[in-house]
>>> print(open('upload-v6.txt').read())   # compact mmCIF, C-alpha atoms and all ligand atoms
# COMPACT_ATOMS: atom_id res chain seq x y z
CA MET A 3 -127.62 -88.38 156.21
CA SER A 4 -130.72 -90.00 157.73
CA ALA A 5 -133.48 -87.99 159.43
CA THR A 6 -132.62 -86.89 162.92
CA SER A 7 -134.13 -88.55 166.03
CA GLY A 8 -134.00 -85.14 167.69
CA THR A 9 -131.08 -83.41 169.30
CA ALA A 10 -129.37 -84.74 172.42
CA LEU A 11 -127.72 -82.25 174.76
CA ILE A 12 -124.96 -83.97 176.73
CA THR A 13 -123.11 -82.31 179.60
CA GLY A 14 -119.56 -83.33 180.37
CA ALA A 15 -119.13 -84.51 176.79
CA SER A 16 -115.47 -83.57 176.39
CA SER A 17 -114.21 -86.86 177.85
CA GLY A 18 -115.06 -90.15 179.51
CA ILE A 19 -118.66 -91.26 179.81
CA GLY A 20 -120.11 -88.14 178.15
CA ALA A 21 -117.91 -88.48 175.06
CA VAL A 22 -119.02 -92.10 174.61
CA TYR A 23 -122.68 -91.13 175.02
CA ALA A 24 -122.08 -88.54 172.31
CA ASP A 25 -120.69 -91.17 169.97
CA ARG A 26 -123.48 -93.69 170.66
CA LEU A 27 -126.35 -91.19 170.46
CA ALA A 28 -125.01 -89.83 167.16
CA ARG A 29 -124.87 -93.38 165.79
CA ARG A 30 -128.51 -93.72 166.86
CA GLY A 31 -129.41 -90.75 164.68
CA HIS A 32 -129.31 -87.84 167.11
CA ASP A 33 -127.80 -84.49 166.35
CA LEU A 34 -125.80 -83.28 169.33
CA ILE A 35 -125.07 -80.32 171.54
CA LEU A 36 -121.96 -81.04 173.58
CA VAL A 37 -121.32 -79.09 176.77
CA ALA A 38 -118.16 -78.88 178.89
CA ARG A 39 -115.43 -76.36 179.79
CA ASN A 40 -112.59 -77.51 177.54
CA ARG A 41 -113.26 -76.25 174.02
CA GLU A 42 -110.34 -78.07 172.41
CA ARG A 43 -111.42 -81.45 173.72
CA LEU A 44 -115.06 -80.74 172.84
CA ASN A 45 -114.04 -79.82 169.30
CA ALA A 46 -112.01 -83.02 168.97
CA VAL A 47 -115.00 -85.12 170.10
CA ALA A 48 -117.31 -83.21 167.76
CA GLU A 49 -115.01 -83.59 164.76
CA ARG A 50 -114.57 -87.32 165.32
CA ILE A 51 -118.32 -87.84 165.58
CA THR A 52 -119.20 -85.72 162.56
CA THR A 53 -116.68 -87.60 160.45
CA ARG A 54 -117.98 -90.99 161.61
CA THR A 55 -121.70 -90.32 161.54
CA GLY A 56 -122.38 -87.18 159.51
CA ARG A 57 -124.58 -85.86 162.30
CA SER A 58 -124.65 -82.19 163.15
CA VAL A 59 -122.66 -81.55 166.34
CA GLU A 60 -122.65 -78.21 168.12
CA VAL A 61 -120.16 -77.35 170.83
CA LEU A 62 -121.12 -75.21 173.80
CA THR A 63 -118.36 -74.30 176.24
CA ALA A 64 -119.69 -73.63 179.71
CA ASP A 65 -118.58 -74.04 183.29
CA LEU A 66 -121.76 -75.43 184.78
CA ALA A 67 -120.59 -74.56 188.28
CA GLN A 68 -120.76 -70.86 187.27
CA ALA A 69 -124.23 -69.31 187.40
CA GLU A 70 -123.86 -67.23 184.23
CA ASP A 71 -122.65 -70.14 182.10
CA LEU A 72 -125.29 -72.42 183.54
CA ARG A 73 -128.06 -69.93 182.66
CA ARG A 74 -126.76 -69.85 179.08
CA VAL A 75 -127.16 -73.60 178.75
CA GLU A 76 -130.59 -73.43 180.42
CA GLN A 77 -131.61 -70.88 177.80
CA VAL A 78 -130.56 -73.25 175.01
CA LEU A 79 -132.64 -76.02 176.57
CA ARG A 80 -135.65 -73.70 176.84
CA SER A 81 -135.43 -72.26 173.35
CA ASN A 82 -134.31 -75.17 171.17
CA ALA A 83 -137.41 -77.25 170.47
CA ASP A 84 -135.33 -79.89 168.63
CA ILE A 85 -133.80 -81.11 171.88
CA SER A 86 -135.44 -84.41 172.79
CA VAL A 87 -132.78 -85.94 175.05
CA LEU A 88 -130.90 -84.43 177.98
CA VAL A 89 -127.95 -86.38 179.37
CA ASN A 90 -126.98 -84.90 182.73
CA ASN A 91 -123.50 -86.36 182.98
CA ALA A 92 -121.03 -83.61 183.98
CA GLY A 93 -119.74 -84.22 187.47
CA PHE A 94 -116.72 -84.89 189.59
CA GLY A 95 -115.95 -86.80 192.73
CA ALA A 96 -113.39 -87.14 195.48
CA VAL A 97 -111.94 -89.89 197.59
CA ALA A 98 -110.82 -87.80 200.60
CA THR A 99 -112.68 -87.95 203.90
CA LEU A 100 -114.42 -84.94 205.42
CA VAL A 101 -111.42 -83.89 207.51
CA ASP A 102 -109.10 -84.15 204.52
CA SER A 103 -111.23 -82.25 202.03
CA ASP A 104 -111.78 -78.58 201.42
CA VAL A 105 -115.33 -77.34 202.00
CA ASP A 106 -115.19 -74.93 199.03
CA ALA A 107 -114.34 -77.84 196.72
CA MET A 108 -117.23 -79.77 198.27
CA GLU A 109 -119.57 -76.86 197.58
CA SER A 110 -118.44 -76.77 193.93
CA MET A 111 -119.15 -80.48 193.73
CA ILE A 112 -122.69 -79.97 195.02
CA THR A 113 -123.15 -77.07 192.59
CA LEU A 114 -122.12 -79.15 189.58
CA ASN A 115 -123.42 -82.60 190.53
CA ALA A 116 -126.74 -81.48 192.03
CA THR A 117 -127.62 -77.83 191.37
CA ALA A 118 -126.63 -77.71 187.69
CA LEU A 119 -128.34 -81.05 187.01
CA THR A 120 -131.50 -79.74 188.68
CA ARG A 121 -131.55 -76.43 186.82
CA LEU A 122 -130.92 -78.10 183.46
CA THR A 123 -133.71 -80.59 184.14
CA TYR A 124 -136.06 -77.72 185.01
CA ALA A 125 -135.07 -75.89 181.83
CA PHE A 126 -135.64 -78.92 179.60
CA THR A 127 -138.70 -80.63 181.04
CA PRO A 128 -141.66 -78.24 180.59
CA GLY A 129 -140.89 -77.60 176.90
CA ALA A 130 -140.27 -81.29 176.25
CA MET A 131 -143.59 -82.17 177.93
CA SER A 132 -145.43 -79.61 175.82
CA ARG A 133 -143.92 -81.22 172.71
CA GLY A 134 -145.21 -84.63 173.80
CA GLY A 135 -142.32 -85.91 175.90
CA GLY A 136 -138.60 -86.34 176.02
CA THR A 137 -135.84 -88.32 177.69
CA VAL A 138 -133.72 -87.38 180.70
CA ILE A 139 -130.73 -89.58 181.44
CA ASN A 140 -129.15 -88.74 184.77
CA ILE A 141 -125.72 -90.14 185.53
CA GLY A 142 -125.67 -91.04 189.21
CA SER A 143 -123.31 -93.54 190.77
CA ILE A 144 -123.41 -96.64 192.94
CA VAL A 145 -122.34 -94.35 195.80
CA ALA A 146 -125.94 -93.08 195.73
CA VAL A 147 -126.80 -96.27 197.60
CA VAL A 148 -123.40 -96.92 199.20
CA PRO A 149 -122.14 -93.46 200.23
CA GLU A 150 -119.57 -95.05 202.53
CA LEU A 151 -117.45 -96.05 199.50
CA LEU A 152 -115.94 -92.65 198.57
CA ASN A 153 -116.08 -89.04 199.77
CA GLY A 154 -119.34 -88.41 201.66
CA VAL A 155 -120.35 -85.25 199.82
CA TYR A 156 -119.88 -87.05 196.51
CA GLY A 157 -122.09 -89.88 197.75
CA ALA A 158 -124.68 -87.39 199.00
CA SER A 159 -124.67 -85.52 195.66
CA LYS A 160 -125.35 -88.78 193.82
CA ALA A 161 -128.06 -89.78 196.32
CA PHE A 162 -129.65 -86.46 195.37
CA VAL A 163 -129.49 -87.44 191.68
CA LEU A 164 -131.19 -90.76 192.43
CA ALA A 165 -133.88 -89.17 194.63
CA LEU A 166 -134.60 -86.40 192.11
CA SER A 167 -134.85 -88.97 189.31
CA GLN A 168 -137.25 -91.10 191.38
CA SER A 169 -139.43 -88.09 192.03
CA LEU A 170 -139.31 -86.94 188.41
CA ARG A 171 -140.37 -90.32 187.18
CA HIS A 172 -143.15 -90.46 189.79
CA GLU A 173 -144.45 -87.03 188.76
CA LEU A 174 -144.05 -87.18 184.99
CA GLY A 175 -143.21 -90.76 183.99
CA GLU A 176 -146.75 -91.51 182.91
CA LYS A 177 -147.14 -88.15 181.21
CA GLY A 178 -144.54 -88.77 178.55
CA LEU A 179 -141.23 -87.98 180.23
CA ARG A 180 -138.79 -90.84 179.98
CA VAL A 181 -136.39 -90.85 182.95
CA GLN A 182 -133.42 -93.12 183.41
CA VAL A 183 -130.89 -92.91 186.20
CA VAL A 184 -127.63 -94.75 185.61
CA LEU A 185 -125.57 -95.89 188.58
CA PRO A 186 -122.12 -96.78 187.25
CA GLY A 187 -119.56 -98.52 189.41
CA ALA A 188 -115.88 -97.77 188.86
CA THR A 189 -115.37 -96.86 185.21
CA ALA A 190 -112.01 -96.24 183.55
CA THR A 191 -112.05 -92.47 182.92
CA ASP A 192 -110.19 -89.34 184.08
CA PHE A 193 -112.69 -89.21 186.96
CA TRP A 194 -110.34 -91.14 189.25
CA GLU A 195 -107.27 -89.00 188.64
CA ILE A 196 -109.37 -85.88 189.31
CA ALA A 197 -110.94 -87.50 192.40
CA GLY A 198 -107.49 -88.10 193.85
CA THR A 199 -106.52 -91.67 193.01
CA PRO A 200 -105.49 -93.11 189.63
CA VAL A 201 -107.86 -95.77 188.30
CA GLU A 202 -104.84 -98.13 188.14
CA ASN A 203 -104.84 -98.17 191.97
CA LEU A 204 -108.25 -99.86 192.05
CA PRO A 205 -108.64 -103.62 191.95
CA GLN A 206 -109.02 -104.11 188.21
CA GLU A 207 -111.90 -106.58 188.66
CA TRP A 208 -113.95 -103.60 189.88
CA VAL A 209 -113.28 -101.43 186.86
CA MET A 210 -115.42 -101.41 183.69
CA THR A 211 -114.35 -99.88 180.38
CA VAL A 212 -116.21 -96.71 179.53
CA ASP A 213 -117.49 -98.26 176.26
CA ASP A 214 -118.97 -101.25 178.10
CA MET A 215 -120.48 -98.99 180.74
CA VAL A 216 -122.29 -96.72 178.27
CA ASP A 217 -123.38 -99.58 176.00
CA ALA A 218 -124.88 -101.37 179.02
CA ALA A 219 -126.64 -98.18 180.13
CA LEU A 220 -128.14 -97.76 176.66
CA ALA A 221 -129.21 -101.41 176.63
CA GLY A 222 -131.00 -100.64 179.92
CA LEU A 223 -132.63 -97.60 178.30
CA ASP A 224 -133.76 -99.73 175.35
CA ASP A 225 -135.26 -102.22 177.82
CA GLY A 226 -137.26 -99.41 179.44
CA GLU A 227 -135.35 -99.57 182.72
CA PHE A 228 -135.60 -96.69 185.15
CA VAL A 229 -132.53 -97.55 187.24
CA THR A 230 -129.62 -99.11 185.39
CA ILE A 231 -126.65 -100.47 187.33
CA PRO A 232 -124.35 -101.75 184.60
CA ALA A 233 -122.28 -104.06 186.81
CA LEU A 234 -125.09 -105.52 188.94
CA PRO A 235 -125.18 -109.21 187.99
CA ASP A 236 -128.60 -109.95 189.52
CA ALA A 237 -131.32 -107.34 188.90
CA GLU A 238 -133.46 -109.02 191.57
CA LEU A 239 -131.16 -107.60 194.24
CA TRP A 240 -132.22 -104.10 193.24
CA ASP A 241 -135.89 -105.17 193.12
CA ALA A 242 -135.58 -106.51 196.69
CA TYR A 243 -134.02 -103.21 197.79
CA GLN A 244 -136.95 -101.34 196.24
CA ALA A 245 -139.46 -103.71 197.83
CA ALA A 246 -137.92 -103.00 201.25
CA ARG A 247 -138.22 -99.26 200.58
CA GLN A 248 -141.88 -99.65 199.55
CA ALA A 249 -142.58 -101.72 202.66
CA LEU A 250 -141.21 -98.90 204.79
CA SER A 251 -143.15 -96.20 203.00
CA GLY A 252 -146.55 -96.89 204.55
CA ASN A 253 -145.08 -96.84 208.05
CA LEU A 254 -143.04 -93.69 208.22
CA SER A 255 -145.57 -91.07 209.28
CA GLY A 256 -148.00 -91.21 212.20
CA SER A 257 -149.59 -89.10 214.90
CA GLN A 258 -147.81 -90.92 217.72
CA PRO A 259 -144.15 -91.73 218.36
CA ALA A 260 -143.42 -95.42 217.95
CA ALA A 261 -143.76 -97.44 221.16
CA ARG A 262 -139.99 -97.81 221.52
CA TYR A 263 -139.62 -94.03 221.86
CA ARG A 264 -142.33 -93.56 224.47
CA ARG A 265 -140.85 -92.90 227.89
CA THR A 266 -142.73 -92.99 231.17
CA SER A 267 -142.87 -89.66 233.01
CA ALA A 268 -140.42 -91.09 235.55
CA THR A 269 -137.74 -91.48 232.88
CA ARG A 270 -138.23 -88.05 231.28
P1 LIG B 301 -114.51 -87.42 183.34
O1 LIG B 301 -113.84 -88.13 182.20
O2 LIG B 301 -113.67 -86.65 184.30
O3 LIG B 301 -115.66 -86.52 182.73
C1 LIG B 301 -116.25 -85.46 183.41
C2 LIG B 301 -116.85 -84.53 182.39
O4 LIG B 301 -117.49 -83.46 183.07
C3 LIG B 301 -115.80 -83.93 181.49
O5 LIG B 301 -116.32 -83.83 180.17
C4 LIG B 301 -115.59 -82.52 182.08
O6 LIG B 301 -115.18 -81.67 181.02
C5 LIG B 301 -116.99 -82.23 182.55
N1 LIG B 301 -116.99 -81.21 183.60
C6 LIG B 301 -116.32 -81.26 184.78
N2 LIG B 301 -116.54 -80.13 185.47
C7 LIG B 301 -117.37 -79.35 184.71
C8 LIG B 301 -117.94 -78.07 184.86
N3 LIG B 301 -117.70 -77.33 185.95
N4 LIG B 301 -118.73 -77.59 183.89
C9 LIG B 301 -118.97 -78.32 182.77
N5 LIG B 301 -118.46 -79.55 182.57
C10 LIG B 301 -117.66 -80.05 183.52
O7 LIG B 301 -115.28 -88.48 184.24
P2 LIG B 301 -116.49 -89.48 183.90
O8 LIG B 301 -116.21 -90.73 184.62
O9 LIG B 301 -116.78 -89.53 182.47
O10 LIG B 301 -117.67 -88.74 184.69
C11 LIG B 301 -118.92 -88.50 184.13
C12 LIG B 301 -119.99 -88.70 185.20
O11 LIG B 301 -119.99 -90.07 185.61
C13 LIG B 301 -119.81 -87.88 186.48
O12 LIG B 301 -121.06 -87.36 186.88
C14 LIG B 301 -119.34 -88.92 187.50
O13 LIG B 301 -119.71 -88.57 188.81
C15 LIG B 301 -120.08 -90.15 187.00
N6 LIG B 301 -119.52 -91.43 187.45
C16 LIG B 301 -118.26 -91.79 187.10
C17 LIG B 301 -117.77 -93.01 187.56
C18 LIG B 301 -116.38 -93.48 187.23
O14 LIG B 301 -115.90 -94.44 187.88
N7 LIG B 301 -115.71 -92.90 186.25
C19 LIG B 301 -118.55 -93.85 188.36
C20 LIG B 301 -119.84 -93.43 188.68
C21 LIG B 301 -120.32 -92.22 188.21
P3 LIG B 301 -114.32 -80.33 181.17
O15 LIG B 301 -113.18 -80.64 182.08
O16 LIG B 301 -113.94 -80.05 179.75
O17 LIG B 301 -115.27 -79.31 181.71
>>> encode(input="upload-v6.txt", output="structure tokens")
Amino acid sequence: MSATSGTALITGASSGIGAVYADRLARRGHDLILVARNRERLNAVAERITTRTGRSVEVLTADLAQAEDLRRVEQVLRSNADISVLVNNAGFGAVATLVDSDVDAMESMITLNATALTRLTYAFTPGAMSRGGGTVINIGSIVAVVPELLNGVYGASKAFVLALSQSLRHELGEKGLRVQVVLPGATATDFWEIAGTPVENLPQEWVMTVDDMVDAALAGLDDGEFVTIPALPDAELWDAYQAARQALSGNLSGSQPAARYRRTSATR
């Protein structure tokens, strides 16, 4: 077995995107800690990877929407100095509109997609920085920029992931923390069944295989990208979107309301 490149902790590693990250990061020389709720599926992923790569793979069952379980995983991130990569991948979505969805389910979605990701990032980052750096890969979604596509709370939770990643990179990017946010489009995983529509119902030209999605995301990581949108054919479109955001940024705060909002006393 070759020397390890450090341990990668991957959430949501029992299936789909997380399981493929586990495979690819092990092939790149990382030992792994795999987190999800379903122990049997985690064990199956771990066994397959150990057989193929000889890497050490630890399984950690936790429901990251439950405070006690989440704290346990945070503790691992704080105490295990071998962890050099955190992949915040666990998440779920929905396709129903606000009136057709249950607010408690929406709250669980926020807890998993946003709160757990935040707490795990907080648990990992200070120690990683003190050891000279580390890598955080946050799995967002294209709905972060187009929340109209699916359930609004799902879109909002992924917009949170993008905004937090932007801020993290701004604060710590030059101090040794590597941050990548991945915005997958439709990817063929269990996600769709759980969200309320089988992936087969989508136009197949929209749907990427999970292997292609993760390999593209890792190619983006290798290229030093901050935002990776695996299906975006023309990266300049994203650059133009960022340029528009930057152009806004110097104009958003001022001591006076903009002229178009000033009313004469007669119209007040
Ligand atoms: P998936 O196959 O359903 O995987 C979701 C993973 O999260 C599973 O390993 C699941 O394992 C785990 N998980 C779910 N709830 C959890 C909880 N409460 N605590 C701990 N782990 C939990 O779907 P996927 O497509 O790979 O999704 C991975 C990420 O990609 C999600 O953040 C999703 O929003 C994002 N994404 C997916 C697509 C897509 O089209 N598939 C597109 C854009 C973004 P257990 O059930 O064993 O806990």
>>> residues_near_ligand(input="upload-v6.txt", ligand="ligand LIG 301 (chain B)", cutoff="8 Å", atoms="only C-alpha atoms and all ligand atoms", output="CSV table (one decimal) with C-alpha atoms, keeping the file's coordinate frame")
chain,number,residue,atom,x,y,z
A,13,THR,CA,-123.1,-82.3,179.6
A,14,GLY,CA,-119.6,-83.3,180.4
A,15,ALA,CA,-119.1,-84.5,176.8
A,16,SER,CA,-115.5,-83.6,176.4
A,17,SER,CA,-114.2,-86.9,177.8
A,18,GLY,CA,-115.1,-90.2,179.5
A,19,ILE,CA,-118.7,-91.3,179.8
A,20,GLY,CA,-120.1,-88.1,178.2
A,21,ALA,CA,-117.9,-88.5,175.1
A,37,VAL,CA,-121.3,-79.1,176.8
A,38,ALA,CA,-118.2,-78.9,178.9
A,39,ARG,CA,-115.4,-76.4,179.8
A,40,ASN,CA,-112.6,-77.5,177.5
A,41,ARG,CA,-113.3,-76.2,174.0
A,43,ARG,CA,-111.4,-81.4,173.7
A,44,LEU,CA,-115.1,-80.7,172.8
A,63,THR,CA,-118.4,-74.3,176.2
A,64,ALA,CA,-119.7,-73.6,179.7
A,65,ASP,CA,-118.6,-74.0,183.3
A,66,LEU,CA,-121.8,-75.4,184.8
A,67,ALA,CA,-120.6,-74.6,188.3
A,68,GLN,CA,-120.8,-70.9,187.3
A,90,ASN,CA,-127.0,-84.9,182.7
A,91,ASN,CA,-123.5,-86.4,183.0
A,92,ALA,CA,-121.0,-83.6,184.0
A,93,GLY,CA,-119.7,-84.2,187.5
A,94,PHE,CA,-116.7,-84.9,189.6
A,95,GLY,CA,-116.0,-86.8,192.7
A,114,LEU,CA,-122.1,-79.2,189.6
A,115,ASN,CA,-123.4,-82.6,190.5
A,141,ILE,CA,-125.7,-90.1,185.5
A,142,GLY,CA,-125.7,-91.0,189.2
A,143,SER,CA,-123.3,-93.5,190.8
A,144,ILE,CA,-123.4,-96.6,192.9
A,145,VAL,CA,-122.3,-94.4,195.8
A,156,TYR,CA,-119.9,-87.0,196.5
A,160,LYS,CA,-125.4,-88.8,193.8
A,185,LEU,CA,-125.6,-95.9,188.6
A,186,PRO,CA,-122.1,-96.8,187.2
A,187,GLY,CA,-119.6,-98.5,189.4
A,188,ALA,CA,-115.9,-97.8,188.9
A,189,THR,CA,-115.4,-96.9,185.2
A,190,ALA,CA,-112.0,-96.2,183.6
A,191,THR,CA,-112.0,-92.5,182.9
A,192,ASP,CA,-110.2,-89.3,184.1
A,193,PHE,CA,-112.7,-89.2,187.0
A,194,TRP,CA,-110.3,-91.1,189.2
A,196,ILE,CA,-109.4,-85.9,189.3
A,209,VAL,CA,-113.3,-101.4,186.9
A,212,VAL,CA,-116.2,-96.7,179.5
>>> atom_distance(input="upload-v6.txt", atom1="CA of Thr99 (chain A)", atom2="CA of Val148 (chain A)")
14.7 Å
>>> closest_residue(input="upload-v6.txt", among="A:Val147, A:Ala125, A:Ile112, A:Ala158", to="Gln244 (chain A)", atoms="only C-alpha atoms")
A:Val147
>>> atom_distance(input="upload-v6.txt", atom1="CA of Ala233 (chain A)", atom2="CA of Val216 (chain A)")
11.3 Å
>>> residues_around(input="upload-v6.txt", residues="Met108 (chain A)", least_positions_apart="4", cutoff="9 Å", atoms="all atoms listed in the file", output="compact mmCIF listing (two decimals) with C-alpha atoms, keeping the file's coordinate frame")
# COMPACT_ATOMS: atom_id res chain seq x y z
CA ALA A 96 -113.39 -87.14 195.48
CA SER A 103 -111.23 -82.25 202.03
CA ASP A 104 -111.78 -78.58 201.42
CA ILE A 112 -122.69 -79.97 195.02
CA THR A 113 -123.15 -77.07 192.59
CA VAL A 155 -120.35 -85.25 199.82
CA TYR A 156 -119.88 -87.05 196.51
>>> closest_residue(input="upload-v6.txt", among="A:Glu207, A:Asp84, A:Glu176, A:Glu150", to="Leu11 (chain A)", atoms="all atoms listed in the file")
A:Asp84
>>> atom_distance(input="upload-v6.txt", atom1="CA of Glu76 (chain A)", atom2="CA of Leu122 (chain A)")
5.6 Å
>>> closest_residue(input="upload-v6.txt", among="A:Val61, A:Leu164, A:Leu174, A:Ala237", to="Thr127 (chain A)", atoms="all atoms listed in the file")
A:Leu174
